[in-house]
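Trainee: For reference, this is data.txt, and it has compact mmCIF, C-alpha atoms and all ligand atoms.
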# COMPACT_ATOMS: atom_id res chain seq x y z
CA MET A 1 228.66 307.28 196.99
CA CYS A 2 230.26 308.14 200.29
CA MET A 3 228.53 307.14 203.51
CA LEU A 4 228.65 310.66 204.85
CA CYS A 5 225.42 311.23 206.75
CA PHE A 6 223.90 314.61 205.98
CA LEU A 7 220.72 316.17 207.18
CA PHE A 8 218.68 318.08 204.71
CA VAL A 9 215.26 319.48 205.40
CA ARG A 10 213.13 319.71 202.29
CA ASP A 11 211.05 322.71 201.37
CA ALA A 12 207.67 322.82 203.05
CA GLY A 13 204.70 321.27 201.27
CA ALA A 14 203.60 317.66 201.07
CA GLN A 15 202.65 317.82 197.42
CA ASN A 16 203.19 314.76 195.27
CA PRO A 17 205.84 313.66 194.76
CA ILE A 18 207.12 314.29 198.27
CA ILE A 19 210.87 314.10 197.52
CA ARG A 20 211.77 316.40 194.66
CA ASP A 21 215.57 316.55 194.57
CA GLN A 22 216.27 312.87 193.80
CA PHE A 23 214.36 309.80 192.66
CA THR A 24 212.74 307.54 195.26
CA ALA A 25 210.61 304.38 194.83
CA ASP A 26 209.15 301.34 196.61
CA PRO A 27 208.35 303.29 199.79
CA SER A 28 208.34 301.45 203.11
CA ALA A 29 206.98 303.89 205.67
CA ARG A 30 207.17 303.06 209.38
CA VAL A 31 206.27 305.00 212.54
CA PHE A 32 209.10 304.99 215.08
CA ASN A 33 209.10 307.16 218.22
CA GLY A 34 206.14 309.22 216.97
CA GLU A 35 207.82 310.12 213.66
CA ILE A 36 207.40 308.72 210.18
CA TYR A 37 210.52 307.10 208.74
CA LEU A 38 210.54 306.45 205.04
CA TYR A 39 212.83 303.76 203.61
CA PRO A 40 212.51 303.93 199.81
CA SER A 41 214.58 302.52 196.99
CA HIS A 42 216.82 305.09 195.33
CA ASP A 43 216.70 305.21 191.53
CA ILE A 44 219.57 306.98 189.82
CA PRO A 45 220.10 307.71 186.13
CA VAL A 46 222.35 305.23 184.31
CA THR A 47 225.69 306.73 183.30
CA PRO A 48 228.49 305.13 181.25
CA GLY A 49 229.95 302.25 183.31
CA HIS A 50 227.24 302.59 185.98
CA GLY A 51 224.21 300.38 185.46
CA ARG A 52 222.47 298.98 182.40
CA ALA A 53 220.75 301.33 179.96
CA GLY A 54 216.97 301.07 180.02
CA TRP A 55 216.87 299.22 183.34
CA PHE A 56 216.71 300.02 187.08
CA CYS A 57 219.89 301.55 188.46
CA MET A 58 220.05 301.58 192.27
CA GLU A 59 223.27 301.71 194.28
CA ASP A 60 222.22 302.72 197.80
CA TYR A 61 219.44 303.65 200.20
CA HIS A 62 218.62 306.92 201.95
CA VAL A 63 216.24 307.26 204.89
CA PHE A 64 213.91 310.23 205.33
CA SER A 65 211.83 311.29 208.34
CA SER A 66 208.94 313.63 209.03
CA SER A 67 206.61 314.47 211.89
CA ASP A 68 204.01 316.28 209.78
CA LEU A 69 204.15 314.58 206.32
CA THR A 70 205.17 317.99 205.01
CA HIS A 71 208.77 318.60 206.03
CA TRP A 72 211.03 315.67 205.14
CA THR A 73 214.56 315.34 206.46
CA ASP A 74 216.99 313.37 204.32
CA HIS A 75 219.38 311.55 206.68
CA GLY A 76 221.59 310.53 203.79
CA VAL A 77 222.89 307.13 202.67
CA ILE A 78 222.38 304.30 205.16
CA VAL A 79 223.42 301.28 203.08
CA SER A 80 225.28 301.12 199.79
CA GLN A 81 226.23 298.31 197.40
CA ASP A 82 229.85 299.21 198.25
CA ASN A 83 229.57 298.54 201.99
CA VAL A 84 227.73 295.19 202.03
CA PRO A 85 230.28 292.35 201.96
CA TRP A 86 228.04 289.84 200.14
CA VAL A 87 226.61 292.13 197.41
CA LYS A 88 227.91 291.76 193.87
CA PRO A 89 229.96 294.89 193.11
CA ASN A 90 228.50 297.28 190.57
CA SER A 91 225.22 295.36 190.37
CA TYR A 92 223.21 298.55 190.89
CA SER A 93 220.24 296.48 192.06
CA MET A 94 219.51 297.55 195.63
CA TRP A 95 215.76 296.97 195.25
CA ALA A 96 212.76 297.55 197.54
CA PRO A 97 213.70 297.52 201.26
CA ASP A 98 211.92 297.54 204.64
CA CYS A 99 212.89 298.41 208.21
CA ILE A 100 211.50 297.31 211.58
CA TYR A 101 212.20 297.91 215.26
CA ARG A 102 212.68 295.21 217.84
CA ASN A 103 214.18 295.27 221.35
CA GLY A 104 216.22 298.43 220.99
CA LYS A 105 217.50 297.78 217.46
CA TYR A 106 216.40 298.74 213.96
CA TYR A 107 216.66 296.02 211.31
CA PHE A 108 216.89 297.13 207.69
CA TYR A 109 216.10 294.40 205.10
CA PHE A 110 217.11 294.77 201.47
CA PRO A 111 217.40 292.60 198.35
CA ALA A 112 220.46 292.56 196.10
CA PRO A 113 222.31 290.15 193.81
CA PRO A 114 224.99 288.22 195.76
CA LYS A 115 228.55 287.99 194.44
CA ASP A 116 228.98 284.39 195.61
CA PRO A 117 226.88 281.93 193.56
CA SER A 118 226.63 279.67 196.62
CA TYR A 119 224.06 282.16 197.98
CA GLY A 120 221.91 281.35 194.96
CA ARG A 121 221.17 282.99 191.63
CA GLY A 122 219.15 286.15 191.27
CA PHE A 123 218.52 288.06 194.47
CA ALA A 124 219.24 287.33 198.13
CA ILE A 125 217.95 289.35 201.08
CA GLY A 126 220.27 290.87 203.66
CA VAL A 127 219.95 292.75 206.93
CA ALA A 128 221.72 295.82 208.35
CA VAL A 129 221.34 296.69 212.03
CA SER A 130 221.34 300.02 213.83
CA ASP A 131 220.64 301.52 217.25
CA LYS A 132 218.72 304.36 215.61
CA PRO A 133 216.17 304.50 212.78
CA ASP A 134 218.40 306.80 210.75
CA GLY A 135 221.55 304.75 211.22
CA PRO A 136 224.39 304.16 211.13
CA PHE A 137 223.36 300.67 209.92
CA ILE A 138 225.91 297.86 210.01
CA PRO A 139 225.30 295.26 207.28
CA GLN A 140 225.56 291.58 208.18
CA ALA A 141 228.40 289.71 206.49
CA GLU A 142 226.02 287.27 204.75
CA PRO A 143 222.45 287.37 203.45
CA ILE A 144 219.64 285.46 205.20
CA LYS A 145 220.00 281.74 204.44
CA ASN A 146 217.30 280.01 202.35
CA VAL A 147 215.73 283.23 201.12
CA HIS A 148 215.87 283.92 197.39
CA GLY A 149 213.84 286.81 196.08
CA ILE A 150 213.10 290.50 196.31
CA ASP A 151 211.03 293.11 198.15
CA PRO A 152 211.32 292.00 201.80
CA ASP A 153 208.60 293.04 204.24
CA ILE A 154 208.43 292.33 207.97
CA LEU A 155 205.26 291.71 209.99
CA MET A 156 205.57 291.87 213.79
CA ASP A 157 202.43 290.05 214.87
CA LYS A 158 200.52 290.80 218.07
CA ASP A 159 201.42 287.39 219.49
CA GLY A 160 205.14 288.15 219.23
CA ARG A 161 205.71 286.10 216.09
CA ILE A 162 207.80 287.79 213.41
CA TYR A 163 207.41 287.04 209.72
CA LEU A 164 209.54 287.78 206.69
CA ILE A 165 207.48 288.13 203.52
CA TRP A 166 209.03 288.48 200.08
CA ALA A 167 208.44 288.02 196.36
CA ALA A 168 209.91 285.45 193.98
CA GLY A 169 207.21 284.88 191.37
CA ASN A 170 204.85 283.97 194.20
CA ILE A 171 204.65 285.76 197.52
CA TYR A 172 206.43 283.80 200.28
CA ILE A 173 206.23 283.98 204.07
CA ALA A 174 208.46 282.45 206.73
CA LYS A 175 208.86 282.93 210.47
CA LEU A 176 211.93 284.85 211.57
CA LYS A 177 213.87 283.94 214.67
CA LYS A 178 213.90 286.50 217.48
CA ASN A 179 217.44 287.44 216.44
CA MET A 180 215.79 288.90 213.28
CA LEU A 181 218.64 287.50 211.18
CA GLU A 182 217.64 283.89 210.47
CA LEU A 183 214.55 282.04 209.36
CA GLY A 184 212.75 280.18 212.13
CA GLY A 185 210.63 278.07 209.77
CA SER A 186 210.35 276.99 206.16
CA PRO A 187 209.25 279.46 203.48
CA GLU A 188 205.68 278.89 202.30
CA VAL A 189 203.81 280.31 199.33
CA ILE A 190 200.95 282.54 200.47
CA GLN A 191 197.80 280.93 199.08
CA GLY A 192 194.83 282.66 197.52
CA LEU A 193 196.60 285.29 195.40
CA PRO A 194 196.11 285.61 191.62
CA ASP A 195 197.69 282.78 189.59
CA LYS A 196 198.38 284.87 186.51
CA GLY A 197 200.29 288.14 186.13
CA LEU A 198 203.41 289.21 188.04
CA LYS A 199 202.98 289.79 191.78
CA GLU A 200 205.71 291.46 193.86
CA GLY A 201 206.28 294.12 196.51
CA PRO A 202 204.28 292.54 199.38
CA TYR A 203 203.37 294.62 202.43
CA MET A 204 201.28 293.18 205.26
CA PHE A 205 199.57 294.96 208.13
CA GLU A 206 196.89 294.11 210.67
CA ARG A 207 193.79 296.12 211.58
CA LYS A 208 191.00 294.94 213.88
CA GLY A 209 192.02 291.30 213.54
CA ILE A 210 192.18 291.37 209.73
CA TYR A 211 195.53 290.88 208.00
CA TYR A 212 195.82 292.94 204.83
CA LEU A 213 198.35 291.87 202.21
CA VAL A 214 198.85 294.64 199.66
CA TYR A 215 200.87 293.91 196.54
CA PRO A 216 201.41 295.19 192.99
CA HIS A 217 199.93 292.84 190.40
CA VAL A 218 199.97 292.96 186.61
CA GLN A 219 196.35 292.22 185.86
CA ASP A 220 196.63 293.76 182.41
CA LYS A 221 199.74 295.58 181.11
CA THR A 222 201.19 297.42 184.12
CA GLU A 223 201.05 297.03 187.89
CA ARG A 224 198.05 297.99 189.95
CA LEU A 225 197.88 297.86 193.75
CA GLU A 226 195.60 295.09 195.00
CA TYR A 227 194.89 293.73 198.43
CA ALA A 228 193.90 290.40 199.90
CA ILE A 229 192.68 289.70 203.42
CA SER A 230 192.89 286.87 205.92
CA ARG A 231 192.38 286.21 209.63
CA ASN A 232 195.82 284.57 209.67
CA PRO A 233 199.08 286.14 208.49
CA VAL A 234 200.16 282.93 206.80
CA GLY A 235 196.85 282.75 204.94
CA PRO A 236 195.06 281.54 203.01
CA PHE A 237 194.19 285.02 201.72
CA LYS A 238 191.22 286.19 199.68
CA VAL A 239 191.75 288.77 196.95
CA THR A 240 189.41 291.58 198.01
CA GLY A 241 189.96 294.65 195.88
CA VAL A 242 192.07 297.17 194.02
CA ILE A 243 193.63 299.96 196.07
CA MET A 244 194.99 301.88 193.10
CA ASP A 245 194.41 301.41 189.38
CA ALA A 246 197.29 300.82 186.98
CA THR A 247 198.53 303.66 184.80
CA PRO A 248 200.14 303.27 181.38
CA ASP A 249 202.96 305.72 182.28
CA CYS A 250 204.74 303.75 184.99
CA TRP A 251 205.07 299.96 184.76
CA THR A 252 205.74 299.47 188.48
CA ASN A 253 203.96 300.62 191.57
CA GLN A 254 204.62 299.56 195.14
CA CYS A 255 203.17 300.69 198.44
CA SER A 256 203.09 300.65 202.20
CA VAL A 257 200.25 301.63 204.52
CA ILE A 258 200.57 303.33 207.90
CA GLN A 259 198.29 304.97 210.41
CA TYR A 260 199.64 308.26 211.73
CA LYS A 261 197.91 310.60 214.17
CA GLY A 262 194.60 308.83 213.50
CA GLN A 263 194.69 308.93 209.68
CA TRP A 264 195.68 306.08 207.34
CA TYR A 265 198.08 306.87 204.50
CA LEU A 266 199.14 305.07 201.34
CA PHE A 267 202.76 305.59 200.27
CA TYR A 268 203.33 304.58 196.63
CA HIS A 269 205.36 305.69 193.63
CA HIS A 270 204.98 307.10 190.12
CA ASN A 271 207.38 308.46 187.52
CA ASP A 272 206.36 312.11 188.08
CA LEU A 273 209.84 313.58 187.59
CA SER A 274 210.81 311.29 184.71
CA PRO A 275 207.84 311.18 182.34
CA HIS A 276 209.79 309.44 179.56
CA PHE A 277 211.59 306.78 181.62
CA ASP A 278 209.57 304.87 184.20
CA LYS A 279 212.55 303.45 186.09
CA ASN A 280 213.29 306.82 187.66
CA ARG A 281 210.41 307.04 190.10
CA SER A 282 209.19 309.30 192.90
CA VAL A 283 207.33 308.57 196.13
CA ARG A 284 203.84 309.94 196.66
CA ILE A 285 201.41 309.90 199.58
CA ASP A 286 197.63 309.98 199.62
CA SER A 287 195.09 309.38 202.37
CA LEU A 288 193.53 305.92 202.61
CA PHE A 289 190.11 305.13 204.02
CA PHE A 290 188.38 301.95 205.17
CA ASN A 291 184.72 301.09 204.72
CA PRO A 292 182.80 300.04 207.86
CA ASP A 293 183.13 296.37 206.80
CA GLY A 294 186.93 296.64 206.77
CA THR A 295 187.35 296.80 203.00
CA ILE A 296 189.60 299.53 201.61
CA LYS A 297 188.27 302.39 199.49
CA LYS A 298 190.11 302.77 196.22
CA VAL A 299 192.71 305.58 196.38
CA ILE A 300 192.56 308.06 193.51
CA PRO A 301 196.08 309.51 193.10
CA THR A 302 196.31 313.26 193.68
CA LEU A 303 198.91 315.87 192.85
CA ARG A 304 198.17 317.77 196.04
CA GLY A 305 199.08 314.90 198.33
CA VAL A 306 198.51 315.23 202.07
CA GLY A 307 199.28 317.54 204.98
CA LEU A 308 199.11 321.28 205.41
CA THR A 309 201.15 323.75 203.37
CA ALA A 310 202.33 326.88 205.18
CA ALA A 311 201.07 330.10 203.57
CA THR A 312 204.53 331.57 204.20
CA GLY A 313 206.26 328.81 202.21
CA LYS A 314 206.43 328.47 198.44
CA ILE A 315 203.02 327.11 197.44
CA GLN A 316 203.45 325.06 194.27
CA ILE A 317 200.03 325.59 192.74
CA ASP A 318 200.88 323.25 189.84
CA ARG A 319 200.19 320.47 192.43
CA TYR A 320 196.55 321.55 192.45
CA SER A 321 193.51 319.96 194.07
CA LEU A 322 191.04 321.22 191.47
CA LYS A 323 191.12 323.37 188.35
CA SER A 324 188.78 324.94 185.85
CA ASP A 325 187.82 322.82 182.84
CA GLU A 326 189.67 325.10 180.46
CA GLY A 327 192.58 327.49 180.36
CA THR A 328 195.11 325.94 182.73
CA SER A 329 197.99 323.56 182.16
CA VAL A 330 201.15 322.41 183.90
CA ALA A 331 204.69 322.04 182.48
CA PHE A 332 208.23 321.50 183.77
CA LEU A 333 210.20 324.71 184.39
CA ASP A 334 213.14 323.03 182.70
CA THR A 335 212.50 319.78 180.83
CA ALA A 336 216.26 319.02 180.91
CA TYR A 337 216.33 319.19 184.72
CA THR A 338 212.97 318.13 186.14
CA PHE A 339 214.06 318.52 189.78
CA LYS A 340 213.57 322.28 189.28
CA GLY A 341 209.84 321.57 189.42
CA ARG A 342 206.85 322.68 187.44
CA LYS A 343 204.89 325.80 186.62
CA ALA A 344 201.16 326.45 186.25
CA ILE A 345 200.09 328.17 183.03
CA PHE A 346 196.91 330.28 182.73
CA SER A 347 195.76 331.01 179.20
CA VAL A 348 192.18 332.33 179.27
CA ALA A 349 190.14 334.73 181.36
CA ASN A 350 188.60 333.20 184.52
CA ALA A 351 190.76 330.06 184.38
CA TRP A 352 191.50 329.00 187.98
CA ILE A 353 193.48 326.58 190.07
CA GLN A 354 192.56 325.52 193.61
CA TYR A 355 195.22 324.34 196.07
CA ASN A 356 193.71 322.90 199.25
CA SER A 357 194.76 323.07 202.90
CA VAL A 358 196.98 326.13 203.22
CA GLU A 359 197.71 327.15 206.81
CA PHE A 360 197.66 330.93 207.21
CA GLY A 361 198.34 330.82 210.96
CA SER A 362 197.28 333.62 213.28
CA ASP A 363 199.96 336.27 212.71
CA LYS A 364 198.60 338.81 210.28
CA LEU A 365 199.93 338.38 206.76
CA ARG A 366 199.97 341.57 204.69
CA ALA A 367 201.11 340.72 201.18
CA VAL A 368 201.33 337.99 198.59
CA ASN A 369 204.36 337.29 196.41
CA ILE A 370 204.01 335.47 193.11
CA ARG A 371 206.94 334.22 191.03
CA ALA A 372 205.60 334.64 187.52
CA ARG A 373 206.32 335.57 183.95
CA SER A 374 203.96 336.63 181.19
CA LYS A 375 204.46 337.27 177.50
CA THR A 376 201.19 339.24 177.39
CA GLY A 377 200.89 340.71 180.86
CA GLY A 378 197.92 339.77 182.99
CA MET A 379 195.99 340.30 186.21
CA ILE A 380 195.85 337.47 188.76
CA GLN A 381 193.24 337.27 191.50
CA VAL A 382 193.96 335.45 194.75
CA ARG A 383 190.87 334.05 196.43
CA LEU A 384 190.16 331.94 199.47
CA ASP A 385 188.17 328.76 200.02
CA LYS A 386 186.40 328.26 196.65
CA PRO A 387 186.52 329.58 193.09
CA ASP A 388 183.93 332.26 193.85
CA GLY A 389 185.31 332.89 197.36
CA PRO A 390 186.51 336.29 198.57
CA VAL A 391 189.28 338.01 196.60
CA ILE A 392 192.12 338.87 198.99
CA ALA A 393 194.60 340.24 196.42
CA ARG A 394 194.94 341.33 192.80
CA VAL A 395 198.42 340.98 191.38
CA LYS A 396 199.42 342.71 188.15
CA ILE A 397 201.93 340.57 186.26
CA PRO A 398 203.88 342.79 183.85
CA LYS A 399 204.71 341.71 180.33
CA SER A 400 208.19 340.19 180.52
CA ASN A 401 210.24 337.25 179.27
CA GLU A 402 212.01 337.07 182.63
CA TRP A 403 210.76 335.38 185.79
CA ARG A 404 209.97 337.99 188.44
CA ILE A 405 208.69 337.98 192.00
CA ILE A 406 205.73 340.36 192.11
CA SER A 407 204.20 341.57 195.35
CA ALA A 408 200.72 342.90 196.10
CA PRO A 409 199.01 343.86 199.38
CA LEU A 410 196.32 341.66 200.91
CA SER A 411 192.94 343.34 201.24
CA GLY A 412 192.05 341.21 204.22
CA PHE A 413 193.61 338.54 206.45
CA ARG A 414 191.77 335.38 207.47
CA PRO A 415 193.63 333.21 209.95
CA GLY A 416 193.63 329.42 209.95
CA LYS A 417 193.33 326.82 207.21
CA HIS A 418 191.95 327.79 203.81
CA ASN A 419 191.93 326.54 200.25
CA LEU A 420 193.80 328.89 197.93
CA ILE A 421 192.41 329.85 194.53
CA VAL A 422 194.50 331.56 191.89
CA GLN A 423 192.52 332.93 188.98
CA MET A 424 193.32 334.75 185.75
CA GLU A 425 191.21 337.89 185.35
CA ASN A 426 191.79 338.61 181.67
CA ASP A 427 192.67 336.80 178.44
CA GLY A 428 196.41 336.35 177.89
CA GLU A 429 199.05 334.00 179.26
CA VAL A 430 200.61 333.98 182.72
CA GLU A 431 203.02 331.33 184.03
CA ILE A 432 203.30 330.92 187.80
CA ASP A 433 206.11 329.09 189.60
CA TRP A 434 204.90 329.62 193.18
CA VAL A 435 202.78 331.77 195.46
CA ARG A 436 203.87 332.85 198.95
CA PHE A 437 202.36 335.08 201.64
CA LYS A 438 204.31 337.52 203.79
O1 LIG B 1 212.43 298.96 192.39
C1 LIG B 1 212.88 297.77 191.78
C2 LIG B 1 211.75 296.81 191.70
O2 LIG B 1 210.72 297.35 190.92
C3 LIG B 1 211.10 296.51 193.01
O3 LIG B 1 211.84 295.70 193.85
C4 LIG B 1 209.83 295.99 192.51
O4 LIG B 1 208.85 295.79 193.48
C5 LIG B 1 209.46 297.03 191.49
O5 LIG B 1 208.93 298.19 192.08
What does this structure look like when you write it as structure tokens?
Mentor:
Amino acid sequence: MCMLCFLFVRDAGAQNPIIRDQFTADPSARVFNGEIYLYPSHDIPVTPGHGRAGWFCMEDYHVFSSSDLTHWTDHGVIVSQDNVPWVKPNSYSMWAPDCIYRNGKYYFYFPAPPKDPSYGRGFAIGVAVSDKPDGPFIPQAEPIKNVHGIDPDILMDKDGRIYLIWAAGNIYIAKLKKNMLELGGSPEVIQGLPDKGLKEGPYMFERKGIYYLVYPHVQDKTERLEYAISRNPVGPFKVTGVIMDATPDCWTNQCSVIQYKGQWYLFYHHNDLSPHFDKNRSVRIDSLFFNPDGTIKKVIPTLRGVGLTAATGKIQIDRYSLKSDEGTSVAFLDTAYTFKGRKAIFSVANAWIQYNSVEFGSDKLRAVNIRARSKTGGMIQVRLDKPDGPVIARVKIPKSNEWRIISAPLSGFRPGKHNLIVQMENDGEVEIDWVRFK
């Protein structure tokens, strides 16, 4: 992969998953200069001679940024297995990274297998340094000494101490020197975490004097996101709850937690765009809430995700907030190329889908466009706010095997933020790719 840095602004809409043109996993989100920077792992499909079939295949890292959780800019590749002197060539194991700012520089930490056995077996952790959060990052010639493991995370404590936290069976913590490149103390196992079941992917943050350590843990068959708390970053910690339940579809999960413009968010991953292979994953975001006593409310994963969706953008109603009990389903537009996205399918009269938080703005919108196809023909109602809310358009979808963009006038314009409801009026079948207002 060349190191060419390209900027690419993704289509509007913060539905889950948030990046829909490539696989992304293990999200480390950070707020730098008022913007969110996302440093995920980058899963790629295995091809002959590139990676090991049935396993993770990861050759580089991209960084993404957003100021509204809705529009994501891909700044391109920042570090690749080909430009780090100590990484074993063709190991395709650039696993979960993190990035942190200190004194005018951005430090990007990443695990990879070293080519020189003197650095140890398995994984080492290296650093790449940049003047800007989106690079260019210059990798150090050698990995950090005395660190063997994966999934680095950095905690900048309020007292100026800096900690490197990582996974190697247990979760380890060690002080970092102010140069951010060397350990300033011995690694110690964080005490108080579960003895049994794999733990990895640590991420620590502080809120109101409580240190929260969130980590994936295999309590049963696949990873769930748990958290433990302490008054001291080096512990001991107390396991306090589950942030997100395990799912049978995706063996791994990993997360980071940030506060942005007053709201807390959980970044995590799932295999949304690769339902049959869980090592091609995609980053999601959902809101996270604390109880008054500082405990974290369990996050129920949503398709809708977070942020506002512009009414004038393509609204992917298959990422719904709510739907009727019967008569709707979701499928890939093209199962051979899942990055094309999904469609919503309506199959009985009155079936509906609700997509929350659409911003209609203040400039009068006059029409709605729907990209649809129907083997029976059908009438679609567009409503606002709730399933029995006001109908603002009726759109006749003609019988056709071809996808078409069909337009209908709006009977009324309501400015501001609304939930959007799309409802089938009659029996039959209508497939909808997106809805957009003009
Ligand atoms: O993405 C590769 C590995 O899978 C990560 O480093 C682990 O935390 C797990 O998500």
Trainee: With only C-alpha atoms as the atoms that count, which of A:Ala393, A:Leu193, A:Val435, A:Ala112 lies nearest to Lys88 of chain A?
Mentor: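 Under the stated criterion, the closest residue is A:Ala112.
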Trainee: Report as a tab-separated table: every residue of chain A with an atom at most 6 Å from ligand LIG 1 (chain B), its closest pair of atoms, and their distance in Å to one decimal, counting all atoms listed in the file, with rows sorted by chain and ascending residue number.
Mentor:
residue	atom	partner	partner_atom	distance
A:Asp26	CA	B:LIG1	O5	5.5
A:Trp95	CA	B:LIG1	O3	4.4
A:Ala96	CA	B:LIG1	O3	4.2
A:Ile150	CA	B:LIG1	O3	5.9
A:Asp151	CA	B:LIG1	O3	5.1
A:Glu200	CA	B:LIG1	O4	5.4
A:Gly201	CA	B:LIG1	O4	4.3
A:Thr252	CA	B:LIG1	O5	5.0
A:Asn253	CA	B:LIG1	O5	5.6
A:Gln254	CA	B:LIG1	O5	5.5
Trainee: Give me the residues near segment 224-231 of chain A as a PyMOL selection string, where near means some atom within 6 Å (using only C-alpha atoms) and where sequence neighbours in that chain fewer than 6 positions away do not count.
Mentor: chain A and resi 210-217+237-246
Trainee: With C-alpha atoms retained, export the selected residues as a PDB file, in the frame of the given file.
Mentor:
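The resulting file, part00.pdb, is shown below:
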ATOM      1  CA  ILE A 210     192.180 291.370 209.730  1.00  0.00           C
ATOM      2  CA  TYR A 211     195.530 290.880 208.000  1.00  0.00           C
ATOM      3  CA  TYR A 212     195.820 292.940 204.830  1.00  0.00           C
ATOM      4  CA  LEU A 213     198.350 291.870 202.210  1.00  0.00           C
ATOM      5  CA  VAL A 214     198.850 294.640 199.660  1.00  0.00           C
ATOM      6  CA  TYR A 215     200.870 293.910 196.540  1.00  0.00           C
ATOM      7  CA  PRO A 216     201.410 295.190 192.990  1.00  0.00           C
ATOM      8  CA  HIS A 217     199.930 292.840 190.400  1.00  0.00           C
ATOM      9  CA  PHE A 237     194.190 285.020 201.720  1.00  0.00           C
ATOM     10  CA  LYS A 238     191.220 286.190 199.680  1.00  0.00           C
ATOM     11  CA  VAL A 239     191.750 288.770 196.950  1.00  0.00           C
ATOM     12  CA  THR A 240     189.410 291.580 198.010  1.00  0.00           C
ATOM     13  CA  GLY A 241     189.960 294.650 195.880  1.00  0.00           C
ATOM     14  CA  VAL A 242     192.070 297.170 194.020  1.00  0.00           C
ATOM     15  CA  ILE A 243     193.630 299.960 196.070  1.00  0.00           C
ATOM     16  CA  MET A 244     194.990 301.880 193.100  1.00  0.00           C
ATOM     17  CA  ASP A 245     194.410 301.410 189.380  1.00  0.00           C
ATOM     18  CA  ALA A 246     197.290 300.820 186.980  1.00  0.00           C
TER      19      ALA A 246
END
Trainee: For Gly76 of chain A, which residue among A:Phe277, A:Phe32, A:Phe137, A:Trp55 is the nearest when counting all atoms listed in the file?
Mentor: A:Phe137
Trainee: Excluding Ala408 of chain A and residues on its chain fewer than 2 positions from it, collect all residues at most 9 Å away from it, counting all atoms listed in the file, and give them as a list in words.
Mentor: Arg366, Ala367, Val368, Asn369, Ile370, Ala393, Arg394, Val395, Lys396, Ile406 and Leu410 of chain A
Trainee: Counting all atoms listed in the file, which residues have an atom no more than 7 Å from (214.2, 298.9, 204.8) in the file's coordinates? Please list them as a list of chain:residue names.
Mentor: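 The residues that fall inside the cut-off are A:Ser28, A:Tyr39, A:Pro97, A:Asp98, A:Cys99, A:Phe108, A:Tyr109, A:Phe110.
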Trainee: One number please: atom CA of Pro133 of chain A to atom CA of Gln22 of chain A, in Å, one decimal.
Mentor: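 Between these atoms lies a distance of 20.7 Å.
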Trainee: What is the atom CA of Gly235 of chain A-atom CA of Glu188 of chain A distance in Å, reported with one decimal?
Mentor: 10.0 Å
Trainee: Quick one: of A:Val87, A:Leu420, A:Ala372, A:Val31, who's nearest to Val391 of chain A, counting all atoms listed in the file?
Mentor: A:Leu420
Trainee: Could you tell me which of A:Met94, A:Ile397, A:Ile165, A:Ile36 comes closest to Asp68 of chain A if we count all atoms listed in the file?
Mentor: A:Ile36
Trainee: Considering only C-alpha atoms, return as a list in words whatever protein or nucleic-acid residues lie within 8 Å of Ser93 of chain A, sequence-local ones (same chain, fewer than 5 positions apart) excluded.
Mentor: Phe56, Cys57, Met58, Glu59, Pro111, Ala112 and Pro113 of chain A
Trainee: Given the choices A:Gln15, A:Gln381, A:Leu38, A:Gly313, which gets closest to Tyr355 of chain A if the distance is worked out from all atoms listed in the file?
Mentor: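 Closest to Tyr355 of chain A of all the choices is A:Gln15.
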